[in-house]
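K.L.:
One structure, as structure tokens, below. Some questions next.
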Amino acid sequence: MTQFRQDETPQPKSFARTLALKRFVARAVLIAEQVLPCALVPASIALLFLSAAWLGLFRIAPLWLHAVVLLGFLVAFIASLVPLTRLRLPGNVDADRMLEERNDLPHQAIRVQDDMPATGGAFGEALWREHQARMARTIRALDTGLPRPDIARHDPFALRALPVLLACVAFAYSYSNRAGLLSDVFHLPQATSEVADIRVDAWVTPPAYTGRAPVFLTGRQGVASPSDEMAAITIPQFSDLTVRVTGAGTEETVRYAEDGAAEPIIIPTAGEKTDEKTASAQPAVQKAPDNAVRNHAYKIVKGGELSVGDQRWTFKITPDSVPQIAFDGLPKPTPNASLDIAFLATDDYGIAQAWAEIKPLDEPVKDARPLYPLPEYRLDLPRRNAREAKGTTSRNLSEHPLAGKRVRLTLVARDAAGQEGRSVPQDMILPARQFFNPLAGSVAEQRQVFALNANDLPRAIDLNDAITSFAEETIPNLTHFLLLKSARSRMALAHNDDMLRDAAKHLWEIALGIEDGDLSLADRRLRDAQQALSDALERNAPDEEIAKLMKELREAMQEYMQALAKEAAKNPRMAANPDQNNVLRPQDLEKLMNQIENLARSGARDQARQMLSELQRLMNNLQANRGQQQMGEQNNAMREQMDKLGQLMQEQQRLMDETFKLDQAQRDRMQRGDPLQGEDNELYGQEMPQDPGQRGDENGEPNPLDDMTAEQLKDALKQLKQQQDALGKQLGELRKGLESLGIKPGKGFGDAKREMEGASGSLGKGQGEPAVGSQGRALQALREGAQDMMNQMQAQGQGPGQGIPQYGQNGRDPLGRRQQNAGPDFGDQVKVPDEIDTQRAREILDEIRRRLGNTLSPEAERQYLERLLDMR
């Protein structure tokens with residue numbers, strides 16, 4: 001048997017380092033396998049100690065228990081370390097054996113590297129070295145693996161998990177108010193002191209209309225020093241401050257010191273009423289019961305500092321500005337006695353409500369008793385982006401007793417915070433229903449007399465008696481006579497305001513029936529249907545309700561058109577010589593109402609309301625022709641003057657174009673060096689044109705101006721002087737005609753006359769450039785004079801509301817047609833969009849909804865689509 005002896009044998013350095021590293025790691029793994037089972041008990045004791053500290057045991061325990069528990073943990077921990085002293089450090093043999101066993105190495109591949117054969121001999125040594133080399137190749141990829149302490153054998157019931165779970169719970173609890181700290185172990189409890197166990201949660205909720213998120217104050221300090229402006233928390237004005245104090249102990253006092261205030265304000269708990277001065281001077285110290293919850297609420301109006309115990313926050317206020325509102329032009333009456341008010345309103349966060357305040361200018365009689373409150377006029381605001389509102393609202397107030405009286409209009413805008421802004425007041429006569437039948441007018445007067453002052457009822461009864469005294473002459477219709485007698489009985493038997501209002505309503509219906517018959521009732525139903533639809537669009541009613549109201553509007557519109565046709569058949573003058581350009585066909589109205597319904601269904605509620613308002617103006621203009629037949633000859637004369645003014649402006653525009661062409665041609669000839677004298681007027685066999693306005697065409701044909709010399713062009717400019725003088729003469733005649741009608745020519749007509757004379761002088765000298773400038777200024781002055789003339793006509797009752805159709809958007813009605821007798825063209829007409837715009841908007845909306853329903857769309861795209869639909 002061969003004997004081997006273990007001895008140190010020289011080996012390659014690289015292999016020796018690798019083997020040494022493997023053995024070192026193996027010894028570390030063996031040590032860990034011995035230490036880990038022995039460390040279970042000390043680690044469990046340490047976790048139990050931390051749990052006791054975090055749970056607050058050392059904070060609430062009395063002194064003797066504090067010492068006993070601390071000593072027990074200390075003794076137990078030291079005792080648990082005793083098994084660690086019995087550990088045996090492994091050697092190379094143990095490491096080699098572990099590596100061979102875990103890597104399944106045969107023939108003691110590691111230990112053979114240190115052995116030598118007992119017998120010598122060259123052949124034996126060579127064979128042994130070959131054996132070592134083969135074994136060395138097998139140990140280069142050895143893996144020690146992780147420690148295998150076999151803890152389950154030492155702790156078969158898995159009790160080691162209990163300290164770990166308890167420590168996790170205690171750690172989570174350590175962030176609460178009642179939790180303890182590790183430092184409590186070294187602080188002995190005081191038997192006489194009472195530790196407050198209070199949690200403070202504070203936050204600021206900005207007003208909903210600001211769209212700002214709440215600001216949580218707990219966990220953040222608002223300011224380090226009173227002069228630290230950067231640490232102040234900026235919040236909107238009128239934000240709600242909420243402080244919630246929970247827990248037992250001495251109750252914390254919540255104070256808010258406004259900037260510039262002498263003493264801070266003590267904020268009481270919700271439902272508690274406290275005198276601020278008394279509370280500030282003598283703050284009460286109370287002990288809150290266990291688990292008590294106190295809520296303190298305060299609305300922040302001014303900047304200041306909030307203090308809750310030793311916590312402080314400083315606030316900087318963003319002021320909420322008062323809304324601004326103003327008239328966008330003068331209020332205008334309409335043909336059916338409605339009142340149109342154009343307005344401009346702005347607010348930093350948005351306008352919640354806007355209305356027109358209407359008050360009578362005449363001082364009421366002493367002890368007057370009106371039956372009706374002041375009229376209400378609500379302005380239409382857009383449902384979205386009401387920070388800048390611009391629009392026109394039309395309301396019919398002709399039924400109110402103040403109609404026809406002098407009133408003062410003041411626009412009022414209110415924001416969500418309740419702040420109100422007011423406009424500069426405007427004085428006017430409130431539009432009243434014009435009765436062309438004298439009997440109907442007298443009946444309306446009776447109603448107005450006692451509706452404004454119920455004490456004047458005897459006078460109204462006397463007026464009724466005066467009318468019915470000579471019924472054979474004044475009341476040809478027996479039905480009207482009987483109705484007046486019934487109204488007289490109602491007035492005589494009325495003994496309270498409700499009965500008087502019923503009598504006033506009866507008189508108004510009688511007056512409308514005498515004036516228009518069924519047409520007035522149909523007009524009232526149409527206006528009610530339009531108002532109901534407008535209110536539904538404003539409150540974003542569902543599509544089913546919109547469809548129902550649209551059906552009612554169509555029925556009311558059909559009834560009104562039928563009543564209007566019957567009324568026209570009774571009066572041949574109304575049906576004679578209609579203006580074909582302004583004939584309103586049923587299919588036109590149906591098309592317009594279809595557009596309103598489609599806009600409402602597609603979500604464009606604001607555009608639907610605007611088009612509904614345009615429909616109301618269109619119906620107002622439809623009534624204008626009825627008033628024109630009864631307004632007399634003065635309106636016809638005024639329309640004739642308006643037509644003359646329009647023709648004058650067109651002629652001035654044409655003359656300015658001709659002057660510009662001649663002046664441009666003259667400049668071109670002079671730049672080419674053509675002399676002013678000596679050229680034949682019959683160059684190329686052509687005579688100088690007699691009419692300078694006819695200068696060839698734009699289709700490539702020869703232009704006669706190219707065949708004229710500079711002198712001939714100068715003579716042509718001089719010939720235009722006669723035409724300019726003729727326009728000036730027409731303007732003078734127009735001014736005299738307006739003065740005869742009671743219209744004072746404005747400054748614009750005077751400026752136009754002066755510029756025309758200047759243009760005539762320049763043309764006489766053959767100077768085209770200054771003539772064109774004067775003609776352009778004359779044309780602009782004519783536009784200003786025309787606008788001033790329209791304003792005077794409206795002020796005198798000859799404009800919109802008294803027979804002349806009012807202008808729609810850019811002088812056209814909602815169907816895109818030019819208004820009848822619209823007067824001078826101010827050059828601001830635009831084309832009405834086709835219905836293809838509405839169809840395109842509907843297609844885009846459907847595509848957005850389809851993409852939003854696709855669950856595979858990216859989150860960023862979905863958020864963008866939701867913002868488009870106003871869902872976020």
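To be explicit about the labels: the chains of the structure tokens are called A, B, and onward in the order shown, and within each one the residues are counted from 1, while ligands get numbers from 1 in the order they are shown.
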Excluding same-chain residues fewer than 5 positions from segment 63-73 of chain A, what lies within 12 Å of it counting only C-alpha atoms, as a list in words?
P.N.:
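Returned residues: Val41, Pro42, Ala43, Ser44, Ile45, Ala46, Leu47, Leu48, Phe49, Leu50, Ser51, Ala52, Ala53, Gly56, Leu57, Phe58, Ile78, Ala79, Ser80, Asp184, Val185, Phe186, His187, Leu188, Pro189, Gln190 and Ala191 of chain A.
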K.L.:
Write out the residues from the selection above, keeping N, CA, C and O atoms, as a CSV table (one decimal), in the first residue's frame.
P.N.:
chain,number,residue,atom,x,y,z
A,41,VAL,N,-32.1,34.1,18.1
A,41,VAL,CA,-32.5,34.6,19.4
A,41,VAL,C,-32.1,36.1,19.7
A,41,VAL,O,-32.9,36.9,20.0
A,42,PRO,N,-30.9,36.4,19.5
A,42,PRO,CA,-30.5,37.8,19.7
A,42,PRO,C,-31.3,38.8,18.7
A,42,PRO,O,-31.7,39.9,19.1
A,43,ALA,N,-31.4,38.4,17.5
A,43,ALA,CA,-32.2,39.2,16.5
A,43,ALA,C,-33.6,39.4,16.9
A,43,ALA,O,-34.2,40.5,16.8
A,44,SER,N,-34.2,38.3,17.4
A,44,SER,CA,-35.6,38.4,17.9
A,44,SER,C,-35.8,39.3,19.1
A,44,SER,O,-36.7,40.1,19.2
A,45,ILE,N,-34.8,39.2,20.0
A,45,ILE,CA,-34.8,40.1,21.2
A,45,ILE,C,-34.7,41.6,20.7
A,45,ILE,O,-35.4,42.5,21.2
A,46,ALA,N,-33.8,41.8,19.8
A,46,ALA,CA,-33.6,43.2,19.3
A,46,ALA,C,-34.9,43.7,18.6
A,46,ALA,O,-35.3,44.9,18.8
A,47,LEU,N,-35.5,42.9,17.8
A,47,LEU,CA,-36.8,43.4,17.2
A,47,LEU,C,-37.9,43.6,18.2
A,47,LEU,O,-38.7,44.6,18.0
A,48,LEU,N,-38.0,42.8,19.2
A,48,LEU,CA,-39.0,43.0,20.2
A,48,LEU,C,-38.7,44.3,21.0
A,48,LEU,O,-39.6,45.0,21.4
A,49,PHE,N,-37.4,44.6,21.2
A,49,PHE,CA,-37.0,45.8,21.9
A,49,PHE,C,-37.4,47.1,21.0
A,49,PHE,O,-38.0,48.0,21.5
A,50,LEU,N,-37.1,47.0,19.7
A,50,LEU,CA,-37.6,48.1,18.8
A,50,LEU,C,-39.1,48.3,18.8
A,50,LEU,O,-39.6,49.4,18.8
A,51,SER,N,-39.8,47.1,18.7
A,51,SER,CA,-41.2,47.2,18.7
A,51,SER,C,-41.8,47.9,20.0
A,51,SER,O,-42.7,48.7,19.9
A,52,ALA,N,-41.2,47.5,21.1
A,52,ALA,CA,-41.7,48.1,22.4
A,52,ALA,C,-41.4,49.6,22.4
A,52,ALA,O,-42.3,50.4,22.9
A,53,ALA,N,-40.3,50.0,21.8
A,53,ALA,CA,-40.0,51.5,21.8
A,53,ALA,C,-40.9,52.2,20.9
A,53,ALA,O,-41.5,53.3,21.2
A,56,GLY,N,-44.5,52.8,22.0
A,56,GLY,CA,-44.6,53.8,23.1
A,56,GLY,C,-44.6,53.2,24.5
A,56,GLY,O,-45.1,53.8,25.4
A,57,LEU,N,-44.1,51.9,24.6
A,57,LEU,CA,-44.1,51.3,25.9
A,57,LEU,C,-43.2,52.1,26.9
A,57,LEU,O,-43.6,52.3,28.0
A,58,PHE,N,-42.0,52.5,26.4
A,58,PHE,CA,-41.1,53.3,27.3
A,58,PHE,C,-41.6,54.7,27.6
A,58,PHE,O,-41.2,55.3,28.6
A,78,ILE,N,-27.8,39.7,26.2
A,78,ILE,CA,-26.4,39.2,26.5
A,78,ILE,C,-26.4,37.7,26.6
A,78,ILE,O,-25.5,37.0,26.2
A,79,ALA,N,-27.5,37.1,27.2
A,79,ALA,CA,-27.5,35.7,27.4
A,79,ALA,C,-27.6,35.0,26.0
A,79,ALA,O,-27.1,33.9,25.8
A,80,SER,N,-28.3,35.6,25.1
A,80,SER,CA,-28.5,35.0,23.8
A,80,SER,C,-27.2,35.0,23.0
A,80,SER,O,-27.1,34.3,22.0
A,184,ASP,N,-37.0,57.5,23.8
A,184,ASP,CA,-37.7,57.4,25.0
A,184,ASP,C,-37.1,56.4,26.0
A,184,ASP,O,-37.3,56.5,27.2
A,185,VAL,N,-36.2,55.5,25.5
A,185,VAL,CA,-35.5,54.6,26.3
A,185,VAL,C,-34.6,55.3,27.3
A,185,VAL,O,-34.4,54.9,28.5
A,186,PHE,N,-34.0,56.4,26.9
A,186,PHE,CA,-33.0,57.1,27.7
A,186,PHE,C,-33.6,58.3,28.4
A,186,PHE,O,-32.9,59.0,29.1
A,187,HIS,N,-35.0,58.5,28.3
A,187,HIS,CA,-35.7,59.6,29.0
A,187,HIS,C,-36.6,59.0,30.0
A,187,HIS,O,-37.6,58.3,29.6
A,188,LEU,N,-36.3,59.2,31.3
A,188,LEU,CA,-37.2,58.6,32.3
A,188,LEU,C,-38.5,59.4,32.3
A,188,LEU,O,-38.6,60.6,32.2
A,189,PRO,N,-39.7,58.7,32.4
A,189,PRO,CA,-41.0,59.4,32.4
A,189,PRO,C,-41.2,60.2,33.6
A,189,PRO,O,-40.7,59.9,34.7
A,190,GLN,N,-41.9,61.3,33.5
A,190,GLN,CA,-42.2,62.2,34.6
A,190,GLN,C,-43.7,61.9,35.0
A,190,GLN,O,-44.6,61.9,34.3
A,191,ALA,N,-43.8,61.6,36.3
A,191,ALA,CA,-45.1,61.2,36.8
A,191,ALA,C,-46.1,62.3,36.8
A,191,ALA,O,-47.3,62.0,36.7
K.L.:
Leaving out Arg406 of chain A and any residue of its chain fewer than 4 positions from it, which residues lie within 8 Å of it when counting only C-alpha atoms, given as a compact mmCIF listing (two decimals) with N, CA, C and O atoms, in the first residue's frame?
P.N.:
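Output saved as around04.txt:
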# COMPACT_ATOMS: atom_id res chain seq x y z
N PRO A 360 -87.43 103.20 -13.29
CA PRO A 360 -88.08 104.37 -13.92
C PRO A 360 -87.39 105.65 -13.52
O PRO A 360 -86.89 105.79 -12.39
N LEU A 361 -87.35 106.59 -14.46
CA LEU A 361 -86.75 107.90 -14.18
C LEU A 361 -87.74 108.84 -13.50
O LEU A 361 -87.34 109.71 -12.73
N ASP A 362 -89.01 108.70 -13.81
CA ASP A 362 -90.01 109.58 -13.21
C ASP A 362 -90.21 109.21 -11.74
O ASP A 362 -90.29 108.03 -11.38
N ASP A 427 -80.00 106.09 -20.29
CA ASP A 427 -81.40 106.50 -20.21
C ASP A 427 -82.07 106.32 -21.57
O ASP A 427 -81.48 106.67 -22.61
N MET A 428 -83.28 105.81 -21.56
CA MET A 428 -84.00 105.60 -22.81
C MET A 428 -85.48 105.40 -22.50
O MET A 428 -85.89 105.33 -21.33
N ILE A 429 -86.27 105.34 -23.54
CA ILE A 429 -87.68 105.01 -23.41
C ILE A 429 -87.82 103.51 -23.63
O ILE A 429 -87.41 102.98 -24.66
N LEU A 430 -88.37 102.82 -22.66
CA LEU A 430 -88.52 101.39 -22.76
C LEU A 430 -89.46 101.06 -23.92
O LEU A 430 -90.57 101.60 -24.00
K.L.:
Nearest residue to Gln722 of chain A out of A:Ser760, A:Ile151, A:Thr393, A:Glu555, using only C-alpha atoms?
P.N.:
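When distances to Gln722 of chain A are compared using only C-alpha atoms, the smallest one comes from A:Ser760.
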K.L.:
Do a neighbour search on Arg527 of chain A at 12 Å with only C-alpha atoms, toss out local chain neighbours closer than 3 positions, and write the hits as a PyMOL selection string.
P.N.:
chain A and resi 336+338+394-397+520-524+530-534+552-554+556-557+560+612-613+615-617+619-620
K.L.:
How close does segment 290-405 of chain A get to segment 498-510 of chain A? List, as a Markdown table, each residue of segment 290-405 of chain A within 9 Å, its nearest atom pair and the distance in Å to one decimal, counting only C-alpha atoms.
P.N.:
| residue | atom | partner | partner_atom | distance |
| --- | --- | --- | --- | --- |
| A:Leu371 | CA | A:Arg501 | CA | 6.6 |
| A:Tyr372 | CA | A:Arg501 | CA | 8.1 |
| A:Glu399 | CA | A:Trp508 | CA | 7.8 |
K.L.:
As a ChimeraX atom specification, please: the residues near Leu648 of chain A (cut-off 7 Å, only C-alpha atoms, same-chain neighbours under 4 positions excluded).
P.N.:
/A:644,652,727
